[in-house]
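Enquirer: If you scroll down you'll find the structure; I have some questions about it.
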Amino acid sequence: MSQAPDLPHQDVAGETYFQTRQALAGKSYRAFIAPVDVRLPKAQEADDSIDTVVHPDVLVVCCYCIFGCYCMFAQ
């Protein structure tokens, strides 16, 4: 497991999330901030076989995909 990001990094990530969330207000997208596991499948890889997982600082997802379908996203 890696070390936690330093405070300047956290400050930038937090501000990026804040501004992104404000910019998306009223739109059909939603911003998330770490920690969030984003699983990245290889072509046609079965869900239980995915071994590539990233942890983006900030992530934007279509709200339809959160509640209406199965999606995997990364920033």
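All residue names refer to the structure tokens as shown: chains lettered A, B, ... in order, residues numbered from 1 in each chain, ligands numbered from 1 in order.
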I need the residues of chain A that end up classed as strand (DSSP E) by DSSP on the backbone, written out as a CSV table (one decimal) with N, CA and C atoms, in the first residue's frame.

Expert:
chain,number,residue,atom,x,y,z
A,29,TYR,N,-24.4,14.6,-14.7
A,29,TYR,CA,-23.2,14.0,-14.3
A,29,TYR,C,-22.9,14.2,-12.8
A,30,ARG,N,-22.0,13.4,-12.3
A,30,ARG,CA,-21.7,13.6,-10.8
A,30,ARG,C,-20.2,13.4,-10.6
A,31,ALA,N,-19.7,14.2,-9.8
A,31,ALA,CA,-18.2,14.2,-9.4
A,31,ALA,C,-18.1,13.3,-8.2
A,32,PHE,N,-17.0,12.6,-8.1
A,32,PHE,CA,-16.6,11.8,-7.0
A,32,PHE,C,-15.1,12.1,-6.7
A,33,ILE,N,-14.7,12.0,-5.4
A,33,ILE,CA,-13.4,12.2,-5.0
A,33,ILE,C,-12.9,10.9,-4.3
A,38,VAL,N,-11.7,2.1,-9.4
A,38,VAL,CA,-12.2,2.1,-10.8
A,38,VAL,C,-11.5,0.9,-11.4
A,39,ARG,N,-12.3,-0.1,-11.8
A,39,ARG,CA,-11.8,-1.3,-12.4
A,39,ARG,C,-11.8,-1.2,-13.9
A,53,VAL,N,-6.9,-2.1,-11.2
A,53,VAL,CA,-7.8,-1.2,-10.4
A,53,VAL,C,-7.0,0.1,-10.2
A,54,VAL,N,-7.6,1.2,-10.5
A,54,VAL,CA,-6.9,2.5,-10.3
A,54,VAL,C,-7.8,3.3,-9.3
A,58,VAL,N,-10.1,12.5,-8.7
A,58,VAL,CA,-11.4,13.0,-9.0
A,58,VAL,C,-11.9,12.3,-10.2
A,59,LEU,N,-13.2,12.0,-10.2
A,59,LEU,CA,-13.8,11.1,-11.2
A,59,LEU,C,-15.2,11.7,-11.5
A,60,VAL,N,-15.6,11.8,-12.8
A,60,VAL,CA,-16.9,12.3,-13.3
A,60,VAL,C,-17.6,11.1,-13.9
A,61,VAL,N,-18.8,10.9,-13.5
A,61,VAL,CA,-19.6,9.8,-14.0
A,61,VAL,C,-21.0,10.3,-14.4
A,62,CYS,N,-21.5,9.8,-15.5
A,62,CYS,CA,-22.9,10.1,-16.0
A,62,CYS,C,-23.8,9.5,-14.9

Enquirer: Please compute the atom CA of A:Gln10-atom CA of A:Ala34 distance, one decimal, in Å.

Expert: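 Taking atom CA of A:Gln10 and atom CA of A:Ala34, their separation equals 9.9 Å.
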
Enquirer: Would you work out the distance separating atom CA of A:Leu40 from atom CA of A:Gln19, expressed in Å to one decimal?

Expert: 26.0 Å

Enquirer: Using DSSP on the backbone, list every residue of chain A that comes out as helix (DSSP H, G or I), and give them as a list of chain:residue names.

Expert: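 Helix (DSSP H, G or I) assignments inside chain A correspond to A:Leu7, A:Pro8, A:His9, A:Gln10, A:Asp11, A:Val12, A:Ala13, A:Gly14, A:Glu15, A:Thr16, A:Tyr17, A:Phe18, A:Gln19, A:Thr20, A:Arg21, A:Gln22, A:Ala23, A:Asp47, A:Asp48, A:Ser49, A:Cys63, A:Tyr64, A:Cys65, A:Ile66, A:Phe67, A:Gly68.
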
Enquirer: Can you tell me, as a list in words, what residues are no more than 8 Å from A:Pro41 when counting only C-alpha atoms, ignoring any on the same chain fewer than 5 positions away?

Expert: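 Final neighbour list, sorted by chain and number: Ala46, Asp47, Ile50, Asp51 and Thr52 of chain A.
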
Enquirer: Can you work out the spacing between atom CA of A:Pro56 and atom CA of A:Lys42 in Å, to one decimal?

Expert: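 Separation between atom CA of A:Pro56 and atom CA of A:Lys42: 18.2 Å.
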